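Please read the structure below before turning to the comments.
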Amino acid sequence: MTQLMSAPDPVAAGRPDVPRRRVSPPGGMDRVFRAVLRGAGLTVLALMVTVGVFLLIRGLSAFSVAGFGFFTTETWQPDSKNFGIAAVLVGTLLIASVALVVAFPLALGMSLYISEYAPRRLKRALTSMIDLMAAVPSVVYGLFGSTLLQWEGTDIPRWLSIQFGWIPFLSVPEADPDNPLSPNGVYMTSTFWAGLVVGFMIMPFICSVMRESFTQAPQGEREGAYALGSTRWGMIRSVVLPFGRSGMIGGTMLGLGRALGETIAVAMIISPVFVIQPHILGSGANSVSALIAQQWGSASPFGLGALMAAGLALFTLTLVVNFAASAVIARSRSGQGSDA
C-alpha cells in the first residue's frame with residue numbers, strides 16, 4: 001500500500017529548502033502588449049479630456065453672459081441673452097427616469113429567463129433577438145413611437161391619469177377625465193412616450209450586461225443551494241442575484257447614460273417646451289440632446305456657443321453618473337452577498 005502512494009510534492013508541502021521555479025522577466029512581446037494597452041487607455045482618456053476642453057472653450061462666451069443663471073433659467077432665447085437649461089435639464093432627467101422604470105424590469109426578467117429558465121435552443125434565439133434589438137437605429141424607434149405608439153396607445157396615459165391622478169406627476173391638468181370626448185392631444189408628445197421609446201432602446205444593452213453577469217454565477221454554489229433544499233427561485237435569490245449585483249448596476253448605469261444622451265428618437269416624439277413640465281403624462285417635453293439637434297441648424301454664432309455650453313452640461317452629467325456607478329460597483333463586487 002505504501003509503495004503505491006506517491007510521494008508528496010515538496011513544493012506543495014511548503015518545504016523551505018526546495019527553491020521555487022523562477023519566472024523569467026517579461027520579454028519583448030509582453031512589453032509591446034503592455035505598451036499597446038497603456039496607449040489605448042491613455043487615448044481614451046485624452047479623447048474625453050479633449051471633448052470636455054473643446055466644449056468648455058466654445059461655450060465659455062455663453063457661460064460668461066448667463067452666469068449661474070444658465071442652470072436656473074427655463075427660457076431659451078440666446079440671441080436676447082435670456083437663456084438657460086433648467087427646463088431641458090429637468091426634462092432630460094425625467095425622460096431618462098421613465099426609460100429606466102420601463103427598461104429595468106424588462107431587462108431583469110428577460111436576462112433571468114434566458115440564463116436560468118429558457119431551453120438551450122430557445123436561449124440562443126432569444127440572445128440573438130436581444131442583440132439585434134440593440135443594433136436597430138434609434139430613428140426606427142423614433143418612427144415607431146411617433147407614428148404608431150403615441151397615436152394608438154393614448155388610452156394608456158388616459159387610464160394612468162384617471163386611476164393615479166392623485167399622484168402629482170401623473171396628473172394631467174389640461175385633461176377632463178369625466179368627458180369621454182375630450183381630445184387625445186393632451187396625452188401625446190409627452191415625457192411618458194419619449195421615456196417609453198427610449199426604455200425600449202436601452203433595454204437590450206441592460207439585458208446583455210445582466211445576462212453575462214448571471215451566467216457567471218459559480219455552478220458549485222448553485223448546486224450547493226439545491227443540496228440545501230432550495231427551490232430554483234430560492235437559488236436565484238441567494239446565489240445568482242447577489243453574484244450578478246455589479247452587472248445589474250453596471251448595465252443599468254450603461255442604459256442610463258444612453259438614455260441621457262438619446263437625441264433622434266426623443267426629438268421625433270416630443271413637442272418642445274421651455275418650461276419645467278413635471279406632469280410626465282401631459283403634452284410637452286424637452287431634453288438637452290433634442291434641444292441641440294433642433295436648434296443647431298438655425299442658431300446664430302452666439303447661439304452655437306450656448307448649445308456648446310448645454311452640451312458641456314450634459315457631458316458633465318453623464319460623467320458624474322458613470323463615476324458614481326463605478327464607485328457603487330467597486331463596493332459590490334460579484335458574489336459578495338451570496339448566501340450559498
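Chains: A, B, ... in order of the C-alpha cells. Residues: from 1 per chain. Ligands: from 1, in order shown.
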
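Taking only C-alpha atoms, the non-local environment of A:Trp296 within 10 Å (same-chain residues fewer than 6 positions away omitted) comprises A:Ala290, A:Gly303, A:Leu304, A:Leu307, A:Met308.
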
Output C-alpha atoms of each residue in that selection to a file, as a PDB file, in the first residue's frame.
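And here's selection-v1.pdb as it stands now:
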```
ATOM      1  CA  ALA A 290     -33.068  67.182 -28.508  1.00  0.00           C
ATOM      2  CA  GLY A 303     -26.463  80.552 -30.082  1.00  0.00           C
ATOM      3  CA  LEU A 304     -23.966  77.862 -31.114  1.00  0.00           C
ATOM      4  CA  LEU A 307     -25.613  74.996 -27.389  1.00  0.00           C
ATOM      5  CA  MET A 308     -21.986  74.047 -26.706  1.00  0.00           C
TER       6      MET A 308
END
```

List every residue of stretch 77-237 of chain A that DSSP, applied to the backbone of this structure, places in alpha helix (DSSP H), and write the result as number ranges by chain.
A: 86-112, 120-135, 138-144, 150-152, 155-164, 191-215, 219-227, 232-235

Please extract the residues of stretch 52-249 of chain A with a backbone DSSP assignment of strand (DSSP E or B) and present them as a CSV table (one decimal) with all heavy atoms, in the first residue's frame.
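Everything below was put into part17.csv:
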```csv
chain,number,residue,atom,x,y,z
A,76,TRP,N,-35.2,79.7,-23.4
A,76,TRP,CA,-34.1,79.5,-24.3
A,76,TRP,C,-34.2,80.5,-25.4
A,76,TRP,O,-34.8,80.3,-26.5
A,76,TRP,CB,-34.0,78.1,-24.9
A,76,TRP,CG,-32.8,77.9,-25.7
A,76,TRP,CD1,-32.7,77.9,-27.0
A,76,TRP,CD2,-31.5,77.5,-25.2
A,76,TRP,NE1,-31.4,77.7,-27.4
A,76,TRP,CE2,-30.6,77.4,-26.3
A,76,TRP,CE3,-31.0,77.3,-23.9
A,76,TRP,CZ2,-29.3,77.1,-26.1
A,76,TRP,CZ3,-29.7,77.0,-23.7
A,76,TRP,CH2,-28.8,76.9,-24.8
A,77,GLN,N,-33.6,81.7,-25.2
A,77,GLN,CA,-33.5,82.8,-26.2
A,77,GLN,C,-32.1,83.4,-26.1
A,77,GLN,O,-31.9,84.5,-25.6
A,77,GLN,CB,-34.6,83.9,-25.9
A,77,GLN,CG,-36.0,83.4,-25.9
A,77,GLN,CD,-37.0,84.5,-25.5
A,77,GLN,OE1,-36.6,85.5,-25.0
A,77,GLN,NE2,-38.3,84.2,-25.7
A,82,ASN,N,-31.2,85.8,-22.9
A,82,ASN,CA,-32.1,85.2,-21.9
A,82,ASN,C,-32.2,83.7,-22.1
A,82,ASN,O,-33.1,83.3,-22.9
A,82,ASN,CB,-33.4,85.9,-21.9
A,82,ASN,CG,-34.4,85.4,-20.8
A,82,ASN,OD1,-33.9,84.9,-19.8
A,82,ASN,ND2,-35.7,85.6,-21.0
A,83,PHE,N,-31.4,83.0,-21.6
A,83,PHE,CA,-31.4,81.5,-21.9
A,83,PHE,C,-30.8,80.7,-20.7
A,83,PHE,O,-30.1,81.3,-19.8
A,83,PHE,CB,-30.5,81.2,-23.1
A,83,PHE,CG,-29.1,81.6,-23.0
A,83,PHE,CD1,-28.1,80.7,-22.6
A,83,PHE,CD2,-28.7,83.0,-23.2
A,83,PHE,CE1,-26.8,81.1,-22.5
A,83,PHE,CE2,-27.3,83.3,-23.0
A,83,PHE,CZ,-26.4,82.4,-22.7
A,190,SER,N,-45.4,63.6,-25.1
A,190,SER,CA,-45.2,63.8,-23.7
A,190,SER,C,-43.9,63.1,-23.3
A,190,SER,O,-43.3,62.3,-24.0
A,190,SER,CB,-46.3,63.2,-22.8
A,190,SER,OG,-46.4,61.8,-23.0
```

Per residue of stretch 238-307 of chain A within 10 Å of stretch 191-212 of chain A, which atom pair is closest and at what distance in Å (one decimal), using only C-alpha atoms, listed by chain and increasing number, as a tab-separated table?
```
residue	atom	partner	partner_atom	distance
A:Leu241	CA	A:Met210	CA	9.7
A:Gly244	CA	A:Met210	CA	7.0
A:Arg245	CA	A:Met210	CA	8.6
A:Ser246	CA	A:Met210	CA	8.8
A:Gly247	CA	A:Met210	CA	5.3
A:Met248	CA	A:Met210	CA	5.3
A:Ile249	CA	A:Met210	CA	8.7
A:Gly250	CA	A:Val209	CA	7.5
A:Gly251	CA	A:Ile206	CA	4.4
A:Thr252	CA	A:Ile206	CA	5.6
A:Met253	CA	A:Ile206	CA	8.3
A:Leu254	CA	A:Ile206	CA	7.0
A:Gly255	CA	A:Ile202	CA	5.1
A:Leu256	CA	A:Ile202	CA	7.9
A:Gly257	CA	A:Ile202	CA	9.4
A:Arg258	CA	A:Ile202	CA	6.8
A:Ala259	CA	A:Val198	CA	6.2
A:Leu260	CA	A:Val198	CA	9.4
A:Glu262	CA	A:Val198	CA	7.4
A:Thr263	CA	A:Val198	CA	9.7
A:Ala265	CA	A:Val198	CA	7.3
A:Val266	CA	A:Ala194	CA	5.4
A:Ala267	CA	A:Ala194	CA	8.6
A:Met268	CA	A:Ala194	CA	8.8
A:Ile269	CA	A:Ala194	CA	6.1
A:Ile270	CA	A:Ala194	CA	6.6
A:Ser271	CA	A:Thr191	CA	9.4
A:Gln277	CA	A:Thr191	CA	8.6
A:Pro278	CA	A:Thr191	CA	9.0
A:His279	CA	A:Thr191	CA	8.0
A:Ile280	CA	A:Thr191	CA	4.8
A:Leu281	CA	A:Phe192	CA	5.4
A:Gly282	CA	A:Thr191	CA	7.5
A:Ser283	CA	A:Thr191	CA	7.6
A:Gly284	CA	A:Thr191	CA	7.1
A:Ala285	CA	A:Thr191	CA	5.5
A:Asn286	CA	A:Thr191	CA	7.9
A:Ser287	CA	A:Thr191	CA	9.6
```

Show which residues sit within 6 Å of stretch 108-125 of chain A, as JSON, numbers by chain. Count only C-alpha atoms, and ignore same-chain residues fewer than 2 positions away.
{"A": [104, 105, 106, 127, 128, 207, 211, 215]}

Could you write out that same residue set with all heavy atoms as an mmCIF file, in the first residue's frame?
```
data_model
loop_
_atom_site.group_PDB
_atom_site.id
_atom_site.type_symbol
_atom_site.label_atom_id
_atom_site.label_comp_id
_atom_site.auth_asym_id
_atom_site.auth_seq_id
_atom_site.Cartn_x
_atom_site.Cartn_y
_atom_site.Cartn_z
ATOM 1 N N PHE A 104 -35.670 48.568 -16.864
ATOM 2 C CA PHE A 104 -35.042 47.708 -15.849
ATOM 3 C C PHE A 104 -35.822 46.422 -15.587
ATOM 4 O O PHE A 104 -35.231 45.333 -15.633
ATOM 5 C CB PHE A 104 -34.839 48.498 -14.560
ATOM 6 C CG PHE A 104 -34.194 47.691 -13.464
ATOM 7 C CD1 PHE A 104 -32.828 47.490 -13.470
ATOM 8 C CD2 PHE A 104 -34.949 47.117 -12.462
ATOM 9 C CE1 PHE A 104 -32.219 46.732 -12.471
ATOM 10 C CE2 PHE A 104 -34.359 46.363 -11.470
ATOM 11 C CZ PHE A 104 -32.987 46.166 -11.469
ATOM 12 N N PRO A 105 -37.125 46.471 -15.304
ATOM 13 C CA PRO A 105 -37.819 45.190 -15.064
ATOM 14 C C PRO A 105 -37.857 44.290 -16.293
ATOM 15 O O PRO A 105 -37.755 43.062 -16.162
ATOM 16 C CB PRO A 105 -39.227 45.622 -14.635
ATOM 17 C CG PRO A 105 -39.376 47.018 -15.096
ATOM 18 C CD PRO A 105 -38.026 47.622 -15.094
ATOM 19 N N LEU A 106 -37.993 44.880 -17.491
ATOM 20 C CA LEU A 106 -37.970 44.061 -18.699
ATOM 21 C C LEU A 106 -36.612 43.384 -18.874
ATOM 22 O O LEU A 106 -36.540 42.185 -19.178
ATOM 23 C CB LEU A 106 -38.277 44.931 -19.923
ATOM 24 C CG LEU A 106 -39.705 45.454 -20.057
ATOM 25 C CD1 LEU A 106 -39.811 46.369 -21.276
ATOM 26 C CD2 LEU A 106 -40.707 44.314 -20.179
ATOM 27 N N THR A 127 -31.225 35.286 -27.321
ATOM 28 C CA THR A 127 -30.000 36.082 -27.238
ATOM 29 C C THR A 127 -29.736 36.828 -28.543
ATOM 30 O O THR A 127 -29.367 38.012 -28.549
ATOM 31 C CB THR A 127 -28.804 35.180 -26.893
ATOM 32 O OG1 THR A 127 -29.058 34.512 -25.652
ATOM 33 C CG2 THR A 127 -27.525 35.988 -26.777
ATOM 34 N N SER A 128 -29.954 36.151 -29.663
ATOM 35 C CA SER A 128 -29.758 36.802 -30.965
ATOM 36 C C SER A 128 -30.765 37.930 -31.168
ATOM 37 O O SER A 128 -30.425 38.992 -31.716
ATOM 38 C CB SER A 128 -29.880 35.771 -32.086
ATOM 39 O OG SER A 128 -28.906 34.752 -31.953
ATOM 40 N N CYS A 207 -29.998 44.320 -20.644
ATOM 41 C CA CYS A 207 -30.221 42.872 -20.605
ATOM 42 C C CYS A 207 -28.948 42.105 -20.928
ATOM 43 O O CYS A 207 -28.656 41.088 -20.290
ATOM 44 C CB CYS A 207 -31.344 42.503 -21.587
ATOM 45 S SG CYS A 207 -31.745 40.751 -21.633
ATOM 46 N N ARG A 211 -27.320 39.534 -18.347
ATOM 47 C CA ARG A 211 -27.271 38.118 -18.723
ATOM 48 C C ARG A 211 -25.869 37.554 -18.584
ATOM 49 O O ARG A 211 -25.675 36.457 -18.052
ATOM 50 C CB ARG A 211 -27.767 37.959 -20.163
ATOM 51 C CG ARG A 211 -27.876 36.506 -20.617
ATOM 52 C CD ARG A 211 -28.237 36.412 -22.077
ATOM 53 N NE ARG A 211 -27.120 36.813 -22.925
ATOM 54 C CZ ARG A 211 -27.135 37.857 -23.732
ATOM 55 N NH1 ARG A 211 -28.205 38.631 -23.801
ATOM 56 N NH2 ARG A 211 -26.084 38.153 -24.479
ATOM 57 N N THR A 215 -24.859 34.502 -15.900
ATOM 58 C CA THR A 215 -24.327 33.216 -16.352
ATOM 59 C C THR A 215 -22.973 32.886 -15.727
ATOM 60 O O THR A 215 -22.547 31.733 -15.781
ATOM 61 C CB THR A 215 -24.183 33.208 -17.883
ATOM 62 O OG1 THR A 215 -23.381 34.326 -18.299
ATOM 63 C CG2 THR A 215 -25.546 33.291 -18.554
#
```

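The nearest approach to A:Gly261 among the residues A:Ala86, A:Gly229, A:Leu319, A:Phe144, with only C-alpha atoms taken into account, belongs to A:Leu319.
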
Who sits within 8 Å of stretch 222-228 of chain A, only C-alpha atoms, same chain under 5 positions skipped, as JSON, numbers by chain
{"A": [217, 234, 235, 238, 239, 240, 340]}

Counting only C-alpha atoms, what is within 12 Å of A:Ala66, bar same-chain residues fewer than 6 positions away, as a CSV table (one decimal) with C-alpha atoms, in the first residue's frame?
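New file out-v4.csv:
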```
chain,number,residue,atom,x,y,z
A,59,GLY,CA,-19.3,77.6,-24.5
A,60,LEU,CA,-17.2,80.0,-22.4
A,72,THR,CA,-31.8,78.2,-13.3
A,73,THR,CA,-33.4,79.9,-16.3
A,75,THR,CA,-36.3,80.2,-21.3
A,76,TRP,CA,-34.1,79.5,-24.3
A,77,GLN,CA,-33.5,82.8,-26.2
A,78,PRO,CA,-29.8,83.1,-26.6
A,79,ASP,CA,-29.9,86.0,-29.1
A,80,SER,CA,-31.8,88.0,-26.4
A,81,LYS,CA,-29.3,87.0,-23.8
A,82,ASN,CA,-32.1,85.2,-21.9
A,83,PHE,CA,-31.4,81.5,-21.9
A,84,GLY,CA,-30.8,78.6,-19.6
A,85,ILE,CA,-31.1,74.8,-19.4
A,302,PHE,CA,-23.6,83.1,-30.1
A,305,GLY,CA,-21.9,78.8,-28.1
A,306,ALA,CA,-24.9,78.4,-25.9
A,309,ALA,CA,-22.5,75.1,-23.1
A,310,ALA,CA,-25.6,72.9,-22.9
```

Between atom CA of A:Gln219 and atom CA of A:Met133, what is the distance in Å, rounded to a tenth?
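Going from atom CA of A:Gln219 over to atom CA of A:Met133 covers 29.6 Å.
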
What separation in Å, quoted to one decimal, exists between atom CA of A:Leu312 and atom CA of A:Leu56?
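Separating atom CA of A:Leu312 from atom CA of A:Leu56 is a distance of 6.6 Å.
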